[in-house]
Structures are given as C-alpha cells and as structure tokens.
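Asks: Following this message is one structure expressed as structure tokens.
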Amino acid sequence: SLDHVTLAISGMTCAACQSFIQRTLAAGAGVKDATVNLMLHNATVTFDPRMTSPPELVQAVQEIGYGAATPL
Ligand code: 9UX
C-alpha cells in the first residue's frame, strides 16, 4: 500500500520554486503524487514505501538547493 508524508520546505519563495520542487518529487522512483504548497511551505507526497522513503524524498529536495525536513 501507499504511504503519505508531509515535508517542511524552506527557501521556496516563488511559484517557479514550487513547480521545480513538485516536479522533482514527482519524478522520484515510487512517487505516486506530489503536491507542493507555496504558502504553507510544505510538500505532501504519496509514495510506495517499498521504493522510496521520507529521507530519500528530503534528499531529493536538498539536492536541488532547498531545505527539507521530515516528518512535519
Ligand atoms: Mo523564483 Mo525560486 O524567481 O528558487 S525560482 S525564487
């Protein structure tokens, strides 16, 4: 079955950041859905826990230059 996690995101200041982070998360192996909320500074991700994990999702966001933390 699928798991859900909410990540706190920092350094996200415009809609292009939001789109970039959302597309990065959505492209990850095992990610079924990713929604980034610019105003709330978070990301909600639905994922297959056999294929990825919250620490891997955090790392993917950090690798493109934003702060991320889990769980929120
Ligand atoms: Mo917008 Mo985000 O001009 O790193 S893309 S601030």
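By convention in this document, the chains of the structure tokens carry letters A, B, ... by their order, each chain's residues are numbered from 1, and ligands are numbered from 1 in the order they are shown.
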Which residues are near ligand 1 in this structure, taking near to mean any atom at most 10 Å from a ligand atom and counting only C-alpha atoms and all ligand atoms? Format them as an MDAnalysis selection string.

Replies: chainID A and resid 11:21 64:66

Asks: Within chain A, find each residue whose DSSP state, derived from the backbone, is strand (DSSP E), and express the selection as a VMD selection string.

Replies: chain A and resid 3 to 10 31 to 37 42 to 47 67 to 69

Asks: Would you list the contacts of A:Leu7 as a ChimeraX atom specification, taking every protein, DNA or RNA residue within 7 Å and counting only C-alpha atoms, but skipping same-chain residues closer than 6 positions in sequence?

Replies: /A:42-44,68-72

Asks: Only C-alpha atoms, please: the residues just picked out, written as an mmCIF file, in the first residue's frame.

Replies:
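Output file selection32.cif follows:
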data_model
loop_
_atom_site.group_PDB
_atom_site.id
_atom_site.type_symbol
_atom_site.label_atom_id
_atom_site.label_comp_id
_atom_site.auth_asym_id
_atom_site.auth_seq_id
_atom_site.Cartn_x
_atom_site.Cartn_y
_atom_site.Cartn_z
ATOM 1 C CA ASN A 42 5.352 22.183 2.669
ATOM 2 C CA ALA A 43 5.048 19.242 0.334
ATOM 3 C CA THR A 44 2.683 16.317 0.615
ATOM 4 C CA ALA A 68 13.565 19.979 3.610
ATOM 5 C CA ALA A 69 12.716 18.142 6.798
ATOM 6 C CA THR A 70 10.537 15.230 7.814
ATOM 7 C CA PRO A 71 8.268 14.407 9.425
ATOM 8 C CA LEU A 72 6.281 17.597 9.855
#

Asks: Measuring between only C-alpha atoms, which one of A:Ser1, A:Ser10, A:Thr52, A:Thr24 shows the shortest distance to A:Met39?

Replies: A:Ser10

Asks: Using only C-alpha atoms, find the one residue out of A:Ile9, A:Arg23, A:Ala60, A:Ala29 that sits nearest to A:His41.

Replies: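 The shortest atom-to-atom distance to A:His41 comes from A:Ile9.
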
Asks: Neighbouring residues of A:Leu25 were defined as those with any atom within 8 Å, considering only C-alpha atoms; residues of the same chain fewer than 6 positions away were excluded. Please report them as a VMD selection string.

Replies: chain A and resid 31 34 45 57 60 to 61

Asks: Which polymer residues have any atom within 10 Å of an atom of A:Lys32, counting only C-alpha atoms, with same-chain residues fewer than 6 positions away left out, as a PyMOL selection string?

Replies: chain A and resi 2-4+25-26+45-48
